[in-house]
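Data block for data-v1.cif (mmCIF, C-alpha atoms):
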```
data_entry
#
loop_
_atom_site.label_atom_id
_atom_site.label_comp_id
_atom_site.auth_asym_id
_atom_site.auth_seq_id
_atom_site.Cartn_x
_atom_site.Cartn_y
_atom_site.Cartn_z
CA MET A 530 0.00 0.00 0.00
CA TYR A 531 2.77 2.47 0.85
CA ARG A 532 5.46 3.38 -1.62
CA LYS A 533 8.98 3.66 -0.31
CA SER A 534 10.91 6.70 -1.44
CA ASN A 535 14.61 7.12 -2.03
CA HIS A 536 14.92 9.76 0.71
CA SER A 537 17.87 9.15 2.97
CA LYS A 538 16.87 8.10 6.44
CA GLN A 539 17.16 11.06 8.78
CA PRO A 540 16.43 10.83 12.47
CA MET A 541 12.90 11.87 13.31
CA GLU A 542 12.81 14.30 16.19
CA THR A 543 10.05 15.52 18.48
CA ARG A 544 8.33 18.69 17.26
CA ILE A 545 6.70 21.22 19.57
CA ILE A 546 4.19 23.61 18.03
CA GLU A 547 3.04 26.75 19.86
CA VAL A 548 -0.73 27.14 19.58
CA ASP A 549 -0.89 30.95 19.39
CA ASP A 550 -2.16 31.65 15.88
CA LYS A 551 -4.66 29.23 14.29
CA HIS A 552 -3.44 29.86 10.74
CA GLU A 553 0.21 29.38 11.69
CA LEU A 554 -0.74 26.27 13.67
CA ASN A 555 -2.17 24.64 10.54
CA ASN A 556 0.91 25.59 8.52
CA GLN A 557 3.22 24.08 11.13
CA ILE A 558 1.22 20.88 11.60
CA GLY A 559 0.99 20.38 7.85
CA SER A 560 4.70 21.04 7.39
CA HIS A 561 5.68 18.56 10.11
CA PHE A 562 3.27 15.92 8.81
CA LYS A 563 4.79 16.34 5.34
CA GLU A 564 8.28 15.82 6.76
CA PHE A 565 7.22 12.71 8.69
CA ARG A 566 5.32 11.36 5.66
CA GLU A 567 8.32 11.78 3.36
CA LEU A 568 10.69 10.20 5.90
CA ARG A 569 8.32 7.23 6.13
CA GLY A 570 8.24 6.94 2.34
CA ILE A 571 4.47 7.34 2.06
CA SER A 572 2.89 9.19 -0.87
CA GLN A 573 0.25 11.88 -0.35
CA HIS A 574 -2.26 9.65 -2.15
CA ASP A 575 -1.54 6.62 0.02
CA LEU A 576 -1.75 8.69 3.22
CA GLY A 577 -5.09 10.09 2.11
CA ILE A 578 -6.46 6.62 1.40
CA ALA A 579 -5.10 5.31 4.73
CA ILE A 580 -7.01 7.99 6.69
CA GLY A 581 -10.24 7.28 4.83
CA LEU A 582 -10.35 9.90 2.08
CA SER A 583 -11.85 8.83 -1.23
CA GLU A 584 -9.61 7.89 -4.13
CA ASP A 585 -10.46 11.00 -6.14
CA ILE A 586 -9.56 13.57 -3.42
CA ALA A 587 -6.92 11.76 -1.35
CA GLN A 588 -3.78 13.31 -2.84
CA GLN A 589 -5.14 16.84 -3.23
CA HIS A 590 -6.48 17.02 0.35
CA ILE A 591 -3.18 15.86 1.85
CA TYR A 592 -1.38 18.42 -0.33
CA LYS A 593 -3.70 21.18 0.94
CA TYR A 594 -3.29 20.07 4.57
CA GLU A 595 0.52 20.05 4.23
CA LYS A 596 0.55 23.54 2.66
CA GLY A 597 -1.87 24.98 5.24
CA ILE A 598 -4.37 25.82 2.48
CA ILE A 599 -7.22 24.14 4.35
CA ARG A 600 -7.59 23.57 8.07
CA ILE A 601 -6.89 20.05 9.30
CA PRO A 602 -9.85 18.93 11.47
CA ILE A 603 -8.76 17.42 14.79
CA ASP A 604 -10.13 13.97 13.88
CA ILE A 605 -8.07 13.99 10.67
CA THR A 606 -5.03 15.25 12.62
CA VAL A 607 -5.34 12.23 14.92
CA LYS A 608 -5.76 9.82 11.96
CA ILE A 609 -2.72 11.26 10.17
CA ALA A 610 -0.60 11.07 13.33
CA LYS A 611 -1.67 7.46 13.90
CA THR A 612 -0.97 6.48 10.29
CA LEU A 613 2.47 8.15 10.40
CA ASN A 614 3.22 6.45 13.74
CA VAL A 615 3.51 9.79 15.55
CA ASP A 616 2.25 10.40 19.09
CA LEU A 617 0.18 13.56 19.34
CA ILE A 618 0.03 15.39 22.68
CA ILE A 619 -1.88 18.60 23.30
CA ASN A 620 -0.68 20.28 26.46
CA GLY A 621 -2.03 23.72 27.24
CA ASP A 622 -0.86 26.03 24.47
CA LYS A 623 1.46 23.47 22.85
CA MET A 624 0.98 20.59 20.46
CA ILE A 625 3.73 17.99 20.64
CA LEU A 626 4.46 15.49 17.85
CA ILE A 627 6.64 12.55 18.92
CA PRO A 628 7.61 10.13 16.13
CA ARG A 629 7.87 6.45 17.00
CA ASN A 630 10.15 4.06 15.15
#
```

Kindly transcribe the structure held in the file into structure tokens.
Amino acid sequence: MYRKSNHSKQPMETRIIEVDDKHELNNQIGSHFKEFRELRGISQHDLGIAIGLSEDIAQQHIYKYEKGIIRIPIDITVKIAKTLNVDLIINGDKMILIPRN
């Protein structure tokens, strides 16, 4: 189901996102999810299918989430984190993304 990429394996590190500005929050979450997705070798299309998006919109929605063009609903955020094997912690005004191996 997932396509492996030729990206060199880089260590995945914990990301902490400040939850001050909603627009910036979406940009940061999307950017970090893109990084984790690429390091895992998963295509945008395959990630979209894995979280339950239909075949015809899977790739374009993931692209828009990663670019911060559309807001990522919290249920989709949780599904993406789970699919990418990333723990998601919301603690006060911070969102913490912890990748698992």

- [ ] Translate the PyMOL selection byres ((chain A and resi 561) around 12), as applied to the file shown, into an explicit residue set as a VMD selection string.
- [x] chain A and resid 541 to 546 554 to 560 562 to 568 594 to 597 606 609 to 610 613 615 617 624 to 628

- [ ] Find the distance between atom CA of Gly577 of chain A and atom CA of Lys593 of chain A and write it in Å to one decimal.
- [x] 11.2 Å

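The interatomic distance for the pair atom CA of Gly581 of chain A and atom CA of Val607 of chain A works out to 12.3 Å.
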
Task: Separation of atom CA of His590 of chain A from atom CA of Leu576 of chain A, in Å and rounded to one decimal - done: 10.0 Å

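With only C-alpha atoms as the atoms that count, the residue of A:Asp604, A:His574, A:Ala579, A:Arg629 with the shortest distance to Asp616 of chain A is A:Arg629.
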